[in-house]
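Here's the structure we're looking at; comments come further down.
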Amino acid sequence: MMAAQVIGDQSMQKQRILIAGCGDVGSALGLELIAAGHFVQGLRRTINQLPAGIHGIAADLTDPTSLTGRLPACDILVYCAAASQHDEAGYRAAYIEGLRNLLEALPARPRHLFFTSSSGVYHQADGGRVDETSPAQPERFSGKVMLEAERLAHDSGMAATVVRFSGIYGPGRNHLINQVRSGVAAPASPVHYSNRIHRDDCAGILAHLITIALRGESLEPLYLASDDEPAPLHEVMEWLAEQLGIEIRERRPIRRGGSKRCSNARLKASGYRFRYPDYRAGYQEILKGIQDL
């Protein structure tokens, strides 16, 4: 567990870290931070689903009254909520209203705010490369809301870093595998580039950046987080079919974001090394877990 080892090597006092919207990624992050000796609190509606060691705060980010007087002071705040409704109202509630409610209810200003965003803010669809300097002019409501939430984080009055994750996959996220199992794959033409990142790397990246912040070193305001190998979607699905021993019987356009290739150069320059640098490494681990069941 690289990031946890990096954090554990630091001679720093135990830090208080609040993870708001402590779901799948947040829980994985919390466990890494606990292993490094930090005190971690996770805020979510149902805290009985939190892993052991994460101190639960039962609250609803979209309900200000559930936050008032219940939030602890913290050194690091991680906002990694997920929308429960996949429409514009649901996105605004989770990412804008929730973040605003939380910031207003905090008893003190943390040293650093981390906000998890999405590569869906990019509008590019020509298969070209995008990075942190690329223009983001999303056409869909989801990308527009995420950009607005990013601005809210940066305008919060505290040091803030936004991490834009590409397509997250990992344990329990088997949508693509299930499509392949049904004999369906994306067409080879036109080529549609896809980008992904394993759940464990999402947690590792956040832990890595938190480490840098706790050292007092400077961070960029924005990082694009995706693995080393953007790949044509049909190639990913064909590889999965080969691993599963499945015959592709139908080519069907798969609903995905615009075709682009996300660069992780800035993130890697910060010192992070991926646990699953490409889809083969990540999916091999997932397939092994499925076959072991």
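Residue numbers start at 1 in each chain; chains themselves are named A, B, ... in the order of the structure tokens; ligands are numbered from 1 in the order shown.
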Please, which residues of range 73-258 of chain A, numbered as in this document, come out helix (DSSP H, G or I) from DSSP, as a PyMOL selection string? chain A and resi 88-105+119-121+141-154+175-181+199-214+233-244
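Those residues in range 27-133 of chain A carrying a DSSP assignment of strand (DSSP E), computed from the backbone, are Phe39, Val40, Gln41, Gly42, Leu43, Arg44, His55, Gly56, Ile57, Ala58, Ile76, Leu77, Val78, Tyr79, His112, Leu113, Phe114, Phe115, Thr116, Ser117, Ser118, Arg129 and Val130 of chain A.
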Write the residues you've just listed into a file as a PDB file, in the first residue's frame, and include N, CA, C and O atoms for each of them.
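Once everything was written out, this is again29.pdb:
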```
ATOM      1  N   PHE A  39      -6.321  10.354  12.796  1.00  0.00           N
ATOM      2  CA  PHE A  39      -7.673  10.232  13.336  1.00  0.00           C
ATOM      3  C   PHE A  39      -8.649  10.625  12.233  1.00  0.00           C
ATOM      4  O   PHE A  39      -8.628  11.771  11.759  1.00  0.00           O
ATOM      5  N   VAL A  40      -9.488   9.684  11.827  1.00  0.00           N
ATOM      6  CA  VAL A  40     -10.355   9.886  10.668  1.00  0.00           C
ATOM      7  C   VAL A  40     -11.814   9.812  11.075  1.00  0.00           C
ATOM      8  O   VAL A  40     -12.240   8.878  11.767  1.00  0.00           O
ATOM      9  N   GLN A  41     -12.587  10.812  10.622  1.00  0.00           N
ATOM     10  CA  GLN A  41     -14.033  10.804  10.812  1.00  0.00           C
ATOM     11  C   GLN A  41     -14.703  10.811   9.443  1.00  0.00           C
ATOM     12  O   GLN A  41     -14.268  11.524   8.524  1.00  0.00           O
ATOM     13  N   GLY A  42     -15.727   9.986   9.313  1.00  0.00           N
ATOM     14  CA  GLY A  42     -16.444   9.889   8.057  1.00  0.00           C
ATOM     15  C   GLY A  42     -17.882  10.326   8.215  1.00  0.00           C
ATOM     16  O   GLY A  42     -18.602   9.837   9.089  1.00  0.00           O
ATOM     17  N   LEU A  43     -18.301  11.263   7.377  1.00  0.00           N
ATOM     18  CA  LEU A  43     -19.665  11.793   7.425  1.00  0.00           C
ATOM     19  C   LEU A  43     -20.471  11.176   6.293  1.00  0.00           C
ATOM     20  O   LEU A  43     -20.079  11.237   5.131  1.00  0.00           O
ATOM     21  N   ARG A  44     -21.579  10.573   6.658  1.00  0.00           N
ATOM     22  CA  ARG A  44     -22.523  10.025   5.682  1.00  0.00           C
ATOM     23  C   ARG A  44     -23.859   9.806   6.371  1.00  0.00           C
ATOM     24  O   ARG A  44     -23.959   9.891   7.594  1.00  0.00           O
ATOM     25  N   HIS A  55     -14.431   6.924  12.510  1.00  0.00           N
ATOM     26  CA  HIS A  55     -15.435   7.424  13.450  1.00  0.00           C
ATOM     27  C   HIS A  55     -16.567   8.094  12.663  1.00  0.00           C
ATOM     28  O   HIS A  55     -16.348   9.063  11.947  1.00  0.00           O
ATOM     29  N   GLY A  56     -17.763   7.561  12.807  1.00  0.00           N
ATOM     30  CA  GLY A  56     -18.875   8.015  12.000  1.00  0.00           C
ATOM     31  C   GLY A  56     -19.559   9.267  12.512  1.00  0.00           C
ATOM     32  O   GLY A  56     -19.691   9.475  13.724  1.00  0.00           O
ATOM     33  N   ILE A  57     -19.994  10.096  11.575  1.00  0.00           N
ATOM     34  CA  ILE A  57     -20.852  11.243  11.859  1.00  0.00           C
ATOM     35  C   ILE A  57     -22.082  11.081  10.974  1.00  0.00           C
ATOM     36  O   ILE A  57     -21.991  11.205   9.748  1.00  0.00           O
ATOM     37  N   ALA A  58     -23.223  10.781  11.576  1.00  0.00           N
ATOM     38  CA  ALA A  58     -24.449  10.570  10.818  1.00  0.00           C
ATOM     39  C   ALA A  58     -25.073  11.932  10.506  1.00  0.00           C
ATOM     40  O   ALA A  58     -25.559  12.617  11.401  1.00  0.00           O
ATOM     41  N   ILE A  76      -7.624  18.482   7.925  1.00  0.00           N
ATOM     42  CA  ILE A  76      -7.823  18.243   6.496  1.00  0.00           C
ATOM     43  C   ILE A  76      -9.288  17.884   6.272  1.00  0.00           C
ATOM     44  O   ILE A  76      -9.857  17.055   6.984  1.00  0.00           O
ATOM     45  N   LEU A  77      -9.898  18.498   5.259  1.00  0.00           N
ATOM     46  CA  LEU A  77     -11.265  18.182   4.873  1.00  0.00           C
ATOM     47  C   LEU A  77     -11.241  17.609   3.460  1.00  0.00           C
ATOM     48  O   LEU A  77     -10.686  18.215   2.541  1.00  0.00           O
ATOM     49  N   VAL A  78     -11.835  16.428   3.307  1.00  0.00           N
ATOM     50  CA  VAL A  78     -11.967  15.795   1.994  1.00  0.00           C
ATOM     51  C   VAL A  78     -13.445  15.719   1.656  1.00  0.00           C
ATOM     52  O   VAL A  78     -14.223  15.110   2.392  1.00  0.00           O
ATOM     53  N   TYR A  79     -13.823  16.330   0.546  1.00  0.00           N
ATOM     54  CA  TYR A  79     -15.221  16.292   0.118  1.00  0.00           C
ATOM     55  C   TYR A  79     -15.317  15.356  -1.076  1.00  0.00           C
ATOM     56  O   TYR A  79     -14.877  15.677  -2.176  1.00  0.00           O
ATOM     57  N   HIS A 112      -6.490  22.476   4.788  1.00  0.00           N
ATOM     58  CA  HIS A 112      -6.589  22.224   3.354  1.00  0.00           C
ATOM     59  C   HIS A 112      -7.892  21.504   3.051  1.00  0.00           C
ATOM     60  O   HIS A 112      -8.331  20.630   3.799  1.00  0.00           O
ATOM     61  N   LEU A 113      -8.501  21.879   1.935  1.00  0.00           N
ATOM     62  CA  LEU A 113      -9.709  21.245   1.427  1.00  0.00           C
ATOM     63  C   LEU A 113      -9.364  20.494   0.146  1.00  0.00           C
ATOM     64  O   LEU A 113      -8.726  21.056  -0.760  1.00  0.00           O
ATOM     65  N   PHE A 114      -9.789  19.232   0.076  1.00  0.00           N
ATOM     66  CA  PHE A 114      -9.666  18.441  -1.145  1.00  0.00           C
ATOM     67  C   PHE A 114     -11.071  18.157  -1.661  1.00  0.00           C
ATOM     68  O   PHE A 114     -11.922  17.664  -0.916  1.00  0.00           O
ATOM     69  N   PHE A 115     -11.302  18.457  -2.936  1.00  0.00           N
ATOM     70  CA  PHE A 115     -12.603  18.248  -3.549  1.00  0.00           C
ATOM     71  C   PHE A 115     -12.447  17.289  -4.718  1.00  0.00           C
ATOM     72  O   PHE A 115     -11.650  17.529  -5.621  1.00  0.00           O
ATOM     73  N   THR A 116     -13.209  16.182  -4.698  1.00  0.00           N
ATOM     74  CA  THR A 116     -13.115  15.213  -5.788  1.00  0.00           C
ATOM     75  C   THR A 116     -14.124  15.566  -6.875  1.00  0.00           C
ATOM     76  O   THR A 116     -15.322  15.649  -6.635  1.00  0.00           O
ATOM     77  N   SER A 117     -13.600  15.756  -8.074  1.00  0.00           N
ATOM     78  CA  SER A 117     -14.409  16.138  -9.226  1.00  0.00           C
ATOM     79  C   SER A 117     -14.292  15.045 -10.289  1.00  0.00           C
ATOM     80  O   SER A 117     -13.940  13.903  -9.988  1.00  0.00           O
ATOM     81  N   SER A 118     -14.564  15.398 -11.525  1.00  0.00           N
ATOM     82  CA  SER A 118     -14.655  14.406 -12.583  1.00  0.00           C
ATOM     83  C   SER A 118     -14.054  14.922 -13.889  1.00  0.00           C
ATOM     84  O   SER A 118     -14.137  16.116 -14.200  1.00  0.00           O
ATOM     85  N   ARG A 129      -5.434  14.622 -26.451  1.00  0.00           N
ATOM     86  CA  ARG A 129      -5.053  14.607 -25.036  1.00  0.00           C
ATOM     87  C   ARG A 129      -5.590  15.846 -24.330  1.00  0.00           C
ATOM     88  O   ARG A 129      -5.647  16.929 -24.898  1.00  0.00           O
ATOM     89  N   VAL A 130      -5.967  15.642 -23.076  1.00  0.00           N
ATOM     90  CA  VAL A 130      -6.363  16.757 -22.222  1.00  0.00           C
ATOM     91  C   VAL A 130      -5.555  16.685 -20.939  1.00  0.00           C
ATOM     92  O   VAL A 130      -5.153  15.607 -20.488  1.00  0.00           O
TER      93      VAL A 130
END
```
Leaving out Tyr169 in chain A and any residue of its chain fewer than 3 positions from it, which residues lie within 6 Å of it when counting only C-alpha atoms, given as a list in words? Arg173, His198 and Arg199 of chain A
For N, CA, C and O atoms, I'd like the residues from the last selection saved as a PDB file, in the first residue's frame.
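Heads up, here's the output in result18.pdb:
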```pdb
ATOM      1  N   ARG A 173     -17.762  -2.665  -8.937  1.00  0.00           N
ATOM      2  CA  ARG A 173     -18.101  -1.812 -10.090  1.00  0.00           C
ATOM      3  C   ARG A 173     -17.912  -2.652 -11.359  1.00  0.00           C
ATOM      4  O   ARG A 173     -16.907  -2.522 -12.052  1.00  0.00           O
ATOM      5  N   HIS A 198      -8.477   2.968 -11.027  1.00  0.00           N
ATOM      6  CA  HIS A 198      -8.936   2.007 -10.034  1.00  0.00           C
ATOM      7  C   HIS A 198      -9.287   2.715  -8.732  1.00  0.00           C
ATOM      8  O   HIS A 198      -8.639   3.685  -8.344  1.00  0.00           O
ATOM      9  N   ARG A 199     -10.305   2.210  -8.046  1.00  0.00           N
ATOM     10  CA  ARG A 199     -10.728   2.787  -6.776  1.00  0.00           C
ATOM     11  C   ARG A 199      -9.570   2.921  -5.793  1.00  0.00           C
ATOM     12  O   ARG A 199      -9.456   3.936  -5.071  1.00  0.00           O
TER      13      ARG A 199
END
```
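Using only C-alpha atoms, the nearest neighbour of Pro51 in chain A within the list A:Val25, A:Glu242, A:Ala265, A:Met237 is A:Val25.
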Skipping near chain neighbours, those fewer than 2 positions away, what residues fall within 10 Å of Asp24 in chain A using only C-alpha atoms, listed as a compact mmCIF listing (two decimals) with C-alpha atoms, in the first residue's frame?
```
# COMPACT_ATOMS: atom_id res chain seq x y z
CA GLY A 21 -19.48 11.83 1.74
CA CYS A 22 -17.53 8.83 3.01
CA GLY A 26 -13.75 7.77 1.07
CA SER A 27 -13.77 4.56 3.10
CA ALA A 28 -10.73 3.21 1.24
CA LEU A 29 -8.96 6.51 1.85
CA GLY A 30 -9.94 6.50 5.52
CA GLN A 49 -21.60 0.87 6.70
CA LEU A 50 -18.31 2.55 7.59
CA CYS A 80 -15.98 13.20 -1.93
CA ALA A 81 -19.76 13.02 -2.01
CA ALA A 82 -21.67 11.22 -4.74
CA GLY A 170 -12.85 -1.54 -8.91
CA PRO A 171 -14.50 -4.04 -6.57
CA GLY A 172 -18.26 -4.03 -6.99
CA ARG A 199 -10.73 2.79 -6.78
CA ASP A 200 -7.57 1.97 -4.81
CA ALA A 203 -7.68 6.56 -2.41
```
List the neighbours of Tyr279 in chain A out to 8 Å using only C-alpha atoms; skip same-chain residues closer than 5 positions along the sequence, and give me the result as a list in words. Arg196, Glu229 and Val236 of chain A
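Excluding Asp75 in chain A itself and same-chain residues fewer than 5 positions from it, the residues having an atom within 12 Å of it are Gln13, Lys14, Gln15, Arg16, Ile17, Leu18, Ile19, His38, Phe39, Val40, Gln41, Leu106, Pro107, Ala108, Arg109, Pro110, Arg111, His112, Leu113, Phe114, Met158, Ala159, Ile210, Thr211, Ala213 and Leu214 of chain A, counting only C-alpha atoms.
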For the selection you just gave me, I'd like the residues written to a file as an mmCIF file, in the first residue's frame, keeping N, CA and C atoms.
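Written output follows (out-v2.cif):
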```cif
data_model
loop_
_atom_site.group_PDB
_atom_site.id
_atom_site.type_symbol
_atom_site.label_atom_id
_atom_site.label_comp_id
_atom_site.auth_asym_id
_atom_site.auth_seq_id
_atom_site.Cartn_x
_atom_site.Cartn_y
_atom_site.Cartn_z
ATOM 1 N N GLN A 13 2.683 14.592 13.714
ATOM 2 C CA GLN A 13 1.713 14.217 14.729
ATOM 3 C C GLN A 13 0.432 13.733 14.070
ATOM 4 N N LYS A 14 -0.338 12.998 14.850
ATOM 5 C CA LYS A 14 -1.628 12.528 14.348
ATOM 6 C C LYS A 14 -2.470 13.729 13.930
ATOM 7 N N GLN A 15 -3.041 13.646 12.719
ATOM 8 C CA GLN A 15 -3.861 14.730 12.196
ATOM 9 C C GLN A 15 -5.331 14.317 12.197
ATOM 10 N N ARG A 16 -6.188 15.305 12.310
ATOM 11 C CA ARG A 16 -7.630 15.075 12.299
ATOM 12 C C ARG A 16 -8.140 15.297 10.887
ATOM 13 N N ILE A 17 -8.697 14.244 10.309
ATOM 14 C CA ILE A 17 -9.133 14.297 8.911
ATOM 15 C C ILE A 17 -10.611 13.950 8.837
ATOM 16 N N LEU A 18 -11.383 14.830 8.207
ATOM 17 C CA LEU A 18 -12.810 14.628 8.029
ATOM 18 C C LEU A 18 -13.079 14.315 6.560
ATOM 19 N N ILE A 19 -13.716 13.181 6.321
ATOM 20 C CA ILE A 19 -14.089 12.780 4.967
ATOM 21 C C ILE A 19 -15.597 12.922 4.843
ATOM 22 N N HIS A 38 -3.455 8.459 11.603
ATOM 23 C CA HIS A 38 -4.280 9.661 11.711
ATOM 24 C C HIS A 38 -5.658 9.336 12.293
ATOM 25 N N PHE A 39 -6.321 10.354 12.796
ATOM 26 C CA PHE A 39 -7.673 10.232 13.336
ATOM 27 C C PHE A 39 -8.649 10.625 12.233
ATOM 28 N N VAL A 40 -9.488 9.684 11.827
ATOM 29 C CA VAL A 40 -10.355 9.886 10.668
ATOM 30 C C VAL A 40 -11.814 9.812 11.075
ATOM 31 N N GLN A 41 -12.587 10.812 10.622
ATOM 32 C CA GLN A 41 -14.033 10.804 10.812
ATOM 33 C C GLN A 41 -14.703 10.811 9.443
ATOM 34 N N LEU A 106 -18.856 24.315 9.418
ATOM 35 C CA LEU A 106 -17.571 23.991 10.046
ATOM 36 C C LEU A 106 -17.279 24.950 11.204
ATOM 37 N N PRO A 107 -16.820 24.421 12.334
ATOM 38 C CA PRO A 107 -16.523 25.292 13.475
ATOM 39 C C PRO A 107 -15.212 26.055 13.320
ATOM 40 N N ALA A 108 -14.340 25.570 12.441
ATOM 41 C CA ALA A 108 -13.049 26.229 12.207
ATOM 42 C C ALA A 108 -12.576 25.876 10.809
ATOM 43 N N ARG A 109 -11.670 26.670 10.294
ATOM 44 C CA ARG A 109 -11.187 26.469 8.934
ATOM 45 C C ARG A 109 -10.083 25.408 8.910
ATOM 46 N N PRO A 110 -10.234 24.342 8.121
ATOM 47 C CA PRO A 110 -9.161 23.345 7.998
ATOM 48 C C PRO A 110 -7.943 23.933 7.297
ATOM 49 N N ARG A 111 -6.828 23.226 7.421
ATOM 50 C CA ARG A 111 -5.615 23.647 6.729
ATOM 51 C C ARG A 111 -5.741 23.502 5.221
ATOM 52 N N HIS A 112 -6.490 22.476 4.788
ATOM 53 C CA HIS A 112 -6.589 22.224 3.354
ATOM 54 C C HIS A 112 -7.892 21.504 3.051
ATOM 55 N N LEU A 113 -8.501 21.879 1.935
ATOM 56 C CA LEU A 113 -9.709 21.245 1.427
ATOM 57 C C LEU A 113 -9.364 20.494 0.146
ATOM 58 N N PHE A 114 -9.789 19.232 0.076
ATOM 59 C CA PHE A 114 -9.666 18.441 -1.145
ATOM 60 C C PHE A 114 -11.071 18.157 -1.661
ATOM 61 N N MET A 158 -10.007 28.929 1.923
ATOM 62 C CA MET A 158 -8.940 28.072 2.458
ATOM 63 C C MET A 158 -8.156 27.482 1.292
ATOM 64 N N ALA A 159 -6.976 26.968 1.580
ATOM 65 C CA ALA A 159 -6.209 26.283 0.554
ATOM 66 C C ALA A 159 -7.033 25.109 0.037
ATOM 67 N N ILE A 210 -2.630 14.471 0.423
ATOM 68 C CA ILE A 210 -2.779 14.885 1.826
ATOM 69 C C ILE A 210 -1.425 14.885 2.514
ATOM 70 N N THR A 211 -0.619 13.880 2.232
ATOM 71 C CA THR A 211 0.730 13.824 2.797
ATOM 72 C C THR A 211 1.536 15.066 2.446
ATOM 73 N N ALA A 213 0.390 17.992 1.612
ATOM 74 C CA ALA A 213 -0.159 19.155 2.317
ATOM 75 C C ALA A 213 0.281 19.175 3.777
ATOM 76 N N LEU A 214 0.283 18.013 4.427
ATOM 77 C CA LEU A 214 0.655 17.955 5.832
ATOM 78 C C LEU A 214 2.136 18.231 6.048
#
```
Point-to-point distance from CA of Gly143 in chain A to CA of Gly157 in chain A, Å rounded to tenths: 23.3 Å
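Here CA of Thr46 in chain A and CA of Ala59 in chain A stand 8.0 Å from one another.
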Identify, on the basis of only C-alpha atoms, every residue whose closest approach to Ala186 in chain A does not exceed 8 Å; exclude the query and any residue fewer than 4 positions from it along the same chain; express the result as a ChimeraX atom specification. /A:233-234,237,251-254
Can you spit out the residues from that selection as an mmCIF file, in the first residue's frame, using all heavy atoms?
```cif
data_model
loop_
_atom_site.group_PDB
_atom_site.id
_atom_site.type_symbol
_atom_site.label_atom_id
_atom_site.label_comp_id
_atom_site.auth_asym_id
_atom_site.auth_seq_id
_atom_site.Cartn_x
_atom_site.Cartn_y
_atom_site.Cartn_z
ATOM 1 N N LEU A 233 -12.126 1.914 -26.217
ATOM 2 C CA LEU A 233 -13.049 1.126 -25.414
ATOM 3 C C LEU A 233 -13.239 -0.277 -25.975
ATOM 4 O O LEU A 233 -13.353 -1.252 -25.220
ATOM 5 C CB LEU A 233 -14.391 1.853 -25.305
ATOM 6 C CG LEU A 233 -15.446 1.222 -24.394
ATOM 7 C CD1 LEU A 233 -14.916 1.067 -22.970
ATOM 8 C CD2 LEU A 233 -16.724 2.067 -24.398
ATOM 9 N N HIS A 234 -13.252 -0.397 -27.296
ATOM 10 C CA HIS A 234 -13.460 -1.731 -27.863
ATOM 11 C C HIS A 234 -12.305 -2.661 -27.527
ATOM 12 O O HIS A 234 -12.496 -3.865 -27.328
ATOM 13 C CB HIS A 234 -13.673 -1.650 -29.381
ATOM 14 C CG HIS A 234 -12.441 -1.378 -30.183
ATOM 15 N ND1 HIS A 234 -11.948 -0.109 -30.392
ATOM 16 C CD2 HIS A 234 -11.580 -2.215 -30.823
ATOM 17 C CE1 HIS A 234 -10.867 -0.166 -31.132
ATOM 18 N NE2 HIS A 234 -10.611 -1.431 -31.403
ATOM 19 N N MET A 237 -12.808 -3.945 -23.941
ATOM 20 C CA MET A 237 -13.870 -4.938 -23.860
ATOM 21 C C MET A 237 -13.461 -6.250 -24.528
ATOM 22 O O MET A 237 -13.811 -7.339 -24.060
ATOM 23 C CB MET A 237 -15.156 -4.364 -24.454
ATOM 24 C CG MET A 237 -15.649 -3.116 -23.721
ATOM 25 S SD MET A 237 -17.212 -2.444 -24.328
ATOM 26 C CE MET A 237 -18.394 -3.512 -23.488
ATOM 27 N N ARG A 251 -21.948 -5.734 -31.506
ATOM 28 C CA ARG A 251 -21.237 -4.462 -31.358
ATOM 29 C C ARG A 251 -22.277 -3.370 -31.174
ATOM 30 O O ARG A 251 -23.117 -3.144 -32.054
ATOM 31 C CB ARG A 251 -20.371 -4.169 -32.589
ATOM 32 C CG ARG A 251 -19.282 -5.188 -32.824
ATOM 33 C CD ARG A 251 -18.127 -4.976 -31.865
ATOM 34 N NE ARG A 251 -17.076 -5.981 -32.062
ATOM 35 C CZ ARG A 251 -15.880 -5.929 -31.497
ATOM 36 N NH1 ARG A 251 -15.583 -4.921 -30.688
ATOM 37 N NH2 ARG A 251 -14.987 -6.870 -31.699
ATOM 38 N N ARG A 252 -22.209 -2.720 -30.027
ATOM 39 C CA ARG A 252 -23.237 -1.737 -29.700
ATOM 40 C C ARG A 252 -22.568 -0.476 -29.160
ATOM 41 O O ARG A 252 -21.698 -0.562 -28.280
ATOM 42 C CB ARG A 252 -24.177 -2.312 -28.648
ATOM 43 C CG ARG A 252 -25.342 -1.420 -28.275
ATOM 44 C CD ARG A 252 -26.068 -2.003 -27.067
ATOM 45 N NE ARG A 252 -26.494 -3.392 -27.274
ATOM 46 C CZ ARG A 252 -26.893 -4.179 -26.288
ATOM 47 N NH1 ARG A 252 -26.904 -3.727 -25.024
ATOM 48 N NH2 ARG A 252 -27.275 -5.410 -26.550
ATOM 49 N N PRO A 253 -22.931 0.699 -29.680
ATOM 50 C CA PRO A 253 -22.363 1.932 -29.111
ATOM 51 C C PRO A 253 -22.627 1.992 -27.617
ATOM 52 O O PRO A 253 -23.753 1.779 -27.159
ATOM 53 C CB PRO A 253 -23.112 3.049 -29.851
ATOM 54 C CG PRO A 253 -23.553 2.409 -31.133
ATOM 55 C CD PRO A 253 -23.857 0.976 -30.799
ATOM 56 N N ILE A 254 -21.568 2.230 -26.835
ATOM 57 C CA ILE A 254 -21.664 2.275 -25.384
ATOM 58 C C ILE A 254 -21.751 3.727 -24.950
ATOM 59 O O ILE A 254 -20.964 4.568 -25.385
ATOM 60 C CB ILE A 254 -20.434 1.611 -24.722
ATOM 61 C CG1 ILE A 254 -20.245 0.193 -25.288
ATOM 62 C CG2 ILE A 254 -20.586 1.583 -23.220
ATOM 63 C CD1 ILE A 254 -21.371 -0.761 -24.998
#
```
